[in-house]
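Structure file model.txt (compact mmCIF, C-alpha atoms) is printed below.
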# COMPACT_ATOMS: atom_id res chain seq x y z
CA MET T 1 45.74 -180.15 -203.03
CA SER T 2 45.13 -183.75 -202.07
CA THR T 3 44.65 -184.81 -198.46
CA SER T 4 48.01 -186.54 -198.57
CA SER T 5 49.79 -183.50 -199.99
CA HIS T 6 48.07 -181.30 -197.43
CA ARG T 7 49.34 -183.47 -194.58
CA ARG T 8 52.88 -183.36 -195.92
CA SER T 9 52.61 -179.59 -196.23
CA LEU T 10 51.47 -179.41 -192.61
CA ALA T 11 54.42 -181.58 -191.62
CA ALA T 12 56.72 -179.22 -193.49
CA LEU T 13 55.17 -176.24 -191.68
CA LEU T 14 55.63 -178.00 -188.35
CA ALA T 15 59.26 -178.68 -189.16
CA ALA T 16 59.87 -175.04 -190.07
CA THR T 17 58.26 -173.98 -186.79
CA LEU T 18 60.45 -176.38 -184.83
CA PHE T 19 63.53 -175.07 -186.57
CA SER T 20 62.59 -171.49 -185.63
CA LEU T 21 62.33 -172.63 -182.02
CA GLY T 22 65.71 -174.29 -182.16
CA VAL T 23 64.47 -177.88 -182.11
CA CYS T 24 66.73 -180.25 -183.99
CA ALA T 25 65.11 -182.50 -186.59
CA ALA T 26 66.91 -185.53 -185.21
CA ASP T 27 65.47 -184.78 -181.78
CA ALA T 28 61.94 -184.47 -183.14
CA ALA T 29 61.96 -187.46 -185.48
CA GLU T 30 61.17 -190.95 -184.26
CA ASP T 31 64.13 -192.97 -183.03
CA ALA T 32 65.34 -196.11 -184.74
CA VAL T 33 65.11 -199.41 -182.85
CA VAL T 34 68.04 -201.76 -182.45
CA ILE T 35 66.82 -205.26 -183.32
CA PRO T 36 68.52 -208.62 -183.86
CA PRO T 37 69.01 -210.05 -187.35
CA PRO T 38 66.53 -212.67 -188.55
CA ALA T 39 67.13 -216.18 -187.28
CA VAL T 40 65.72 -217.47 -190.58
CA ASP T 41 67.04 -216.02 -193.82
CA GLU T 42 66.97 -217.04 -197.44
CA VAL T 43 69.75 -219.00 -199.09
CA ALA T 44 71.80 -216.66 -201.28
CA SER T 45 71.21 -217.28 -204.97
CA THR T 46 72.74 -215.99 -208.17
CA GLY T 47 71.27 -213.10 -210.08
CA THR T 48 69.15 -210.20 -208.91
CA GLU T 49 66.13 -210.51 -206.62
CA THR T 50 63.21 -208.16 -206.04
CA ALA T 51 61.52 -207.16 -202.78
CA ILE T 52 58.69 -204.71 -202.12
CA PHE T 53 58.31 -202.78 -198.87
CA ALA T 54 55.62 -200.33 -197.76
CA GLY T 55 56.18 -198.21 -194.68
CA GLY T 56 54.55 -194.80 -194.91
CA CYS T 57 55.63 -192.10 -197.34
CA PHE T 58 57.81 -193.70 -199.99
CA TRP T 59 60.24 -190.77 -200.07
CA GLY T 60 62.06 -191.88 -196.92
CA VAL T 61 61.80 -195.62 -197.51
CA GLN T 62 63.28 -195.21 -200.97
CA GLY T 63 66.03 -192.99 -199.60
CA VAL T 64 67.03 -195.57 -197.00
CA PHE T 65 67.31 -198.47 -199.43
CA GLN T 66 69.16 -196.34 -201.97
CA HIS T 67 71.95 -196.09 -199.40
CA VAL T 68 72.23 -199.86 -198.78
CA LYS T 69 75.14 -201.77 -200.30
CA GLY T 70 73.98 -204.51 -202.66
CA VAL T 71 70.81 -202.66 -203.67
CA GLU T 72 70.81 -202.12 -207.42
CA SER T 73 67.68 -199.98 -207.58
CA ALA T 74 64.95 -198.68 -205.30
CA VAL T 75 61.86 -197.31 -207.04
CA SER T 76 58.95 -195.53 -205.38
CA GLY T 77 55.51 -196.71 -206.45
CA TYR T 78 52.23 -198.32 -205.53
CA ALA T 79 51.36 -201.90 -204.56
CA GLY T 80 48.27 -203.70 -203.37
CA GLY T 81 45.70 -202.26 -205.77
CA ASP T 82 44.83 -202.21 -209.46
CA ALA T 83 46.83 -200.65 -212.28
CA LYS T 84 43.99 -198.28 -213.15
CA THR T 85 44.14 -196.58 -209.75
CA ALA T 86 47.92 -196.37 -209.46
CA GLN T 87 48.15 -192.58 -209.58
CA TYR T 88 49.25 -190.41 -206.68
CA GLU T 89 46.14 -188.29 -206.30
CA THR T 90 43.89 -191.36 -206.49
CA VAL T 91 46.00 -193.43 -204.10
CA SER T 92 46.00 -190.50 -201.68
CA THR T 93 42.25 -190.92 -201.16
CA GLY T 94 43.00 -194.12 -199.25
CA SER T 95 40.30 -196.03 -201.13
CA THR T 96 42.33 -197.89 -203.77
CA GLY T 97 43.91 -200.69 -201.75
CA HIS T 98 47.32 -199.39 -202.77
CA ALA T 99 50.11 -198.63 -200.36
CA GLU T 100 52.94 -196.25 -201.09
CA ALA T 101 55.71 -198.78 -201.60
CA VAL T 102 59.28 -199.20 -202.77
CA GLN T 103 60.46 -201.93 -205.12
CA VAL T 104 64.01 -202.96 -204.25
CA ARG T 105 66.18 -204.91 -206.67
CA PHE T 106 69.21 -206.35 -204.92
CA ASP T 107 72.14 -208.73 -205.22
CA PRO T 108 71.53 -211.47 -202.60
CA LYS T 109 75.23 -212.24 -202.48
CA GLN T 110 75.89 -208.73 -201.18
CA VAL T 111 72.80 -208.17 -199.04
CA THR T 112 70.25 -210.80 -198.06
CA TYR T 113 66.50 -210.44 -197.98
CA GLY T 114 66.65 -210.87 -194.22
CA LYS T 115 69.10 -207.98 -193.88
CA LEU T 116 66.77 -205.77 -195.93
CA LEU T 117 63.93 -206.72 -193.58
CA GLN T 118 66.08 -205.86 -190.57
CA ILE T 119 66.82 -202.42 -192.02
CA PHE T 120 63.16 -201.96 -192.95
CA PHE T 121 61.91 -202.70 -189.44
CA SER T 122 64.76 -200.93 -187.65
CA VAL T 123 65.30 -197.61 -189.42
CA ALA T 124 63.00 -197.24 -192.46
CA HIS T 125 59.70 -197.05 -190.56
CA ASN T 126 57.80 -197.99 -187.39
CA PRO T 127 56.14 -201.41 -187.91
CA THR T 128 53.82 -200.99 -184.92
CA GLN T 129 51.80 -198.10 -186.39
CA LEU T 130 48.55 -199.23 -188.00
CA ASN T 131 47.67 -197.38 -191.20
CA PHE T 132 49.88 -194.41 -190.48
CA GLN T 133 53.48 -193.28 -190.22
CA GLY T 134 54.40 -190.08 -188.44
CA PRO T 135 52.17 -187.26 -189.74
CA ASP T 136 50.66 -189.32 -192.58
CA ARG T 137 47.34 -191.08 -192.04
CA GLY T 138 45.48 -193.61 -194.20
CA THR T 139 45.71 -197.17 -195.46
CA GLN T 140 48.06 -195.99 -198.21
CA TYR T 141 50.64 -195.48 -195.46
CA ARG T 142 50.28 -198.94 -193.95
CA SER T 143 53.17 -201.20 -193.05
CA ALA T 144 53.37 -204.09 -195.50
CA VAL T 145 55.75 -206.54 -197.10
CA PHE T 146 54.78 -207.83 -200.53
CA VAL T 147 56.46 -211.19 -201.16
CA SER T 148 57.24 -212.77 -204.52
CA ASP T 149 57.78 -216.40 -203.49
CA PRO T 150 57.30 -218.86 -200.59
CA GLN T 151 60.87 -218.32 -199.37
CA GLN T 152 60.35 -214.58 -198.93
CA ARG T 153 57.08 -215.23 -197.11
CA LYS T 154 58.77 -217.71 -194.77
CA VAL T 155 61.59 -215.30 -193.92
CA ALA T 156 59.25 -212.32 -193.41
CA GLU T 157 56.70 -214.15 -191.28
CA SER T 158 59.38 -215.89 -189.23
CA TYR T 159 61.12 -212.60 -188.56
CA ILE T 160 57.95 -210.83 -187.45
CA SER T 161 57.21 -213.71 -185.08
CA GLN T 162 60.79 -213.62 -183.79
CA LEU T 163 60.66 -209.87 -183.09
CA ASP T 164 57.26 -210.07 -181.40
CA LYS T 165 58.35 -212.94 -179.17
CA ALA T 166 61.48 -211.01 -178.20
CA HIS T 167 59.40 -207.87 -177.48
CA ALA T 168 61.76 -205.92 -179.71
CA PHE T 169 59.16 -203.16 -179.92
CA ARG T 170 56.92 -201.72 -177.23
CA GLN T 171 53.83 -202.65 -179.24
CA PRO T 172 53.04 -205.66 -181.48
CA ILE T 173 54.13 -205.49 -185.12
CA VAL T 174 51.20 -204.78 -187.46
CA THR T 175 53.07 -205.32 -190.72
CA LYS T 176 51.01 -207.37 -193.16
CA VAL T 177 52.70 -209.94 -195.38
CA SER T 178 50.93 -210.28 -198.74
CA GLU T 179 51.54 -211.79 -202.15
CA THR T 180 52.79 -209.38 -204.79
CA THR T 181 50.01 -208.74 -207.30
CA GLY T 182 51.70 -205.92 -209.13
CA PHE T 183 53.96 -202.93 -208.63
CA TYR T 184 53.40 -199.61 -210.40
CA PRO T 185 56.17 -196.98 -210.39
CA ALA T 186 55.17 -193.60 -209.05
CA GLU T 187 55.30 -190.38 -211.01
CA ALA T 188 58.75 -189.06 -211.94
CA TYR T 189 58.61 -186.18 -209.48
CA HIS T 190 58.43 -188.67 -206.58
CA GLN T 191 61.58 -190.55 -207.61
CA ASP T 192 64.82 -189.72 -205.76
CA PHE T 193 62.86 -187.10 -203.82
CA LEU T 194 65.02 -187.30 -200.70
CA THR T 195 68.28 -186.87 -202.61
CA LEU T 196 66.95 -184.09 -204.84
CA ASN T 197 65.25 -182.18 -202.01
CA PRO T 198 67.53 -182.46 -198.96
CA THR T 199 66.37 -179.14 -197.51
CA TYR T 200 62.64 -179.74 -197.94
CA PRO T 201 61.28 -179.51 -194.37
CA TYR T 202 59.32 -182.79 -194.53
CA ILE T 203 62.48 -184.59 -195.63
CA VAL T 204 64.66 -182.89 -193.02
CA TYR T 205 62.21 -183.57 -190.22
CA ASN T 206 61.01 -187.10 -191.08
CA ASP T 207 63.51 -188.75 -193.41
CA LEU T 208 67.09 -187.51 -193.12
CA PRO T 209 67.31 -188.92 -189.57
CA LYS T 210 66.58 -192.34 -191.11
CA ILE T 211 69.67 -192.06 -193.28
CA GLU T 212 71.75 -191.11 -190.26
CA ASN T 213 70.31 -194.05 -188.32
CA LEU T 214 71.16 -196.40 -191.19
CA LYS T 215 74.73 -195.11 -191.22
CA SER T 216 75.01 -195.45 -187.44
CA LEU T 217 73.32 -198.82 -186.89
CA PHE T 218 74.38 -200.56 -190.11
CA PRO T 219 77.82 -199.10 -190.92
CA THR T 220 78.99 -202.08 -192.97
CA ASP T 221 75.82 -202.01 -195.08
CA TYR T 222 75.75 -198.26 -195.61
CA ARG T 223 77.02 -196.51 -198.72
CA GLY T 224 77.32 -192.77 -198.95
CA LYS T 225 76.47 -192.44 -202.63
CA PRO T 226 72.86 -193.55 -203.26
CA VAL T 227 71.79 -195.53 -206.30
CA LEU T 228 69.29 -193.26 -208.05
CA VAL T 229 66.37 -194.00 -210.34
CA MET T 230 67.55 -191.43 -212.85
CA LYS T 231 70.78 -193.40 -213.27
CA VAL T 232 68.95 -196.73 -213.48
CA LYS T 233 66.77 -195.38 -216.28
CA GLY T 234 69.63 -193.64 -218.02
Translate this structure into structure tokens?
Amino acid sequence: MSTSSHRRSLAALLAATLFSLGVCAADAAEDAVVIPPPAVDEVASTGTETAIFAGGCFWGVQGVFQHVKGVESAVSGYAGGDAKTAQYETVSTGSTGHAEAVQVRFDPKQVTYGKLLQIFFSVAHNPTQLNFQGPDRGTQYRSAVFVSDPQQRKVAESYISQLDKAHAFRQPIVTKVSETTGFYPAEAYHQDFLTLNPTYPYIVYNDLPKIENLKSLFPTDYRGKPVLVMKVKG
């Protein structure tokens, strides 16, 4: 078992222990943060756009974006490293430069890049945690935004500055904004993991509360039926 898999197994064991003690997953999981929308956003264009977000284990991040209206697909994968090292067990060593990431294809007329960033920072992960999220430790779990053009970079960097100046979080944001050098889809068993494994303790403890937070904080952007990779490929 890889170090990463071992940590997720420990998290699952912890969740099961909490359940036996009567501790609710929503009580144990990290709370979402209410933040303002970006003051600077991109101009809506025609066609589909692509964004890449990394914020810890890709299971939960993928699950969140799959429930956002205007998102056409959300695929778990690896970004930041080379194609030859884009395999789960190798990435889990933390030595490849890759981050577990999610590639989001979206209709900018339905949901803007800035709105996706707001959801990412608010409910999908904690942007103040350096090289970890929850129980997962390592650079592969870092907070990062991989941009595809100057406009995305401008919106992302402006928003991070805006949130830091407003002290939206108790600690400074550590999210790194980088150019996209490649995205490599993860293995099939990682895709749609949250939807396919809703009772898996790690998902219940760490990720299902994110979906509830999305529904609560972004009701007009939330959709109950997620867009799944299996349907995109089919």
Can I get the residues of stretch 77-150 of chain T within 12 Å of stretch 192-204 of chain T, each with the closest pair of atoms and their distance in Å to one decimal, using all atoms listed in the file, sorted chain first then ascending number, as JSON lines?
{"residue": "T:Gly77", "atom": "CA", "partner": "T:Asp192", "partner_atom": "CA", "distance": 11.7}
{"residue": "T:Val102", "atom": "CA", "partner": "T:Asp192", "partner_atom": "CA", "distance": 11.4}
{"residue": "T:Gly134", "atom": "CA", "partner": "T:Tyr202", "partner_atom": "CA", "distance": 10.7}
{"residue": "T:Pro135", "atom": "CA", "partner": "T:Tyr202", "partner_atom": "CA", "distance": 9.7}
{"residue": "T:Asp136", "atom": "CA", "partner": "T:Tyr202", "partner_atom": "CA", "distance": 11.0}
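For the pair atom CA of T:Ala54 and atom CA of T:Lys165, the interatomic distance is 22.6 Å.
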For each of T:Gly56, T:Gly182, T:Gly138, T:Pro36, take the minimum atom-to-atom distance to T:His167, counting only C-alpha atoms, then give the residue where this is smallest.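 The answer is T:Pro36, which sits nearest to T:His167.
Distances from T:Tyr222, T:Phe183, T:Phe132, T:Phe106 to T:Ser76 were compared using all atoms listed in the file, and the smallest one belongs to T:Phe183.
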Quick one: distance from atom CA of T:Ser143 to atom CA of T:Pro127 in Å, one decimal?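 Result for atom CA of T:Ser143 versus atom CA of T:Pro127: 5.9 Å, one decimal.
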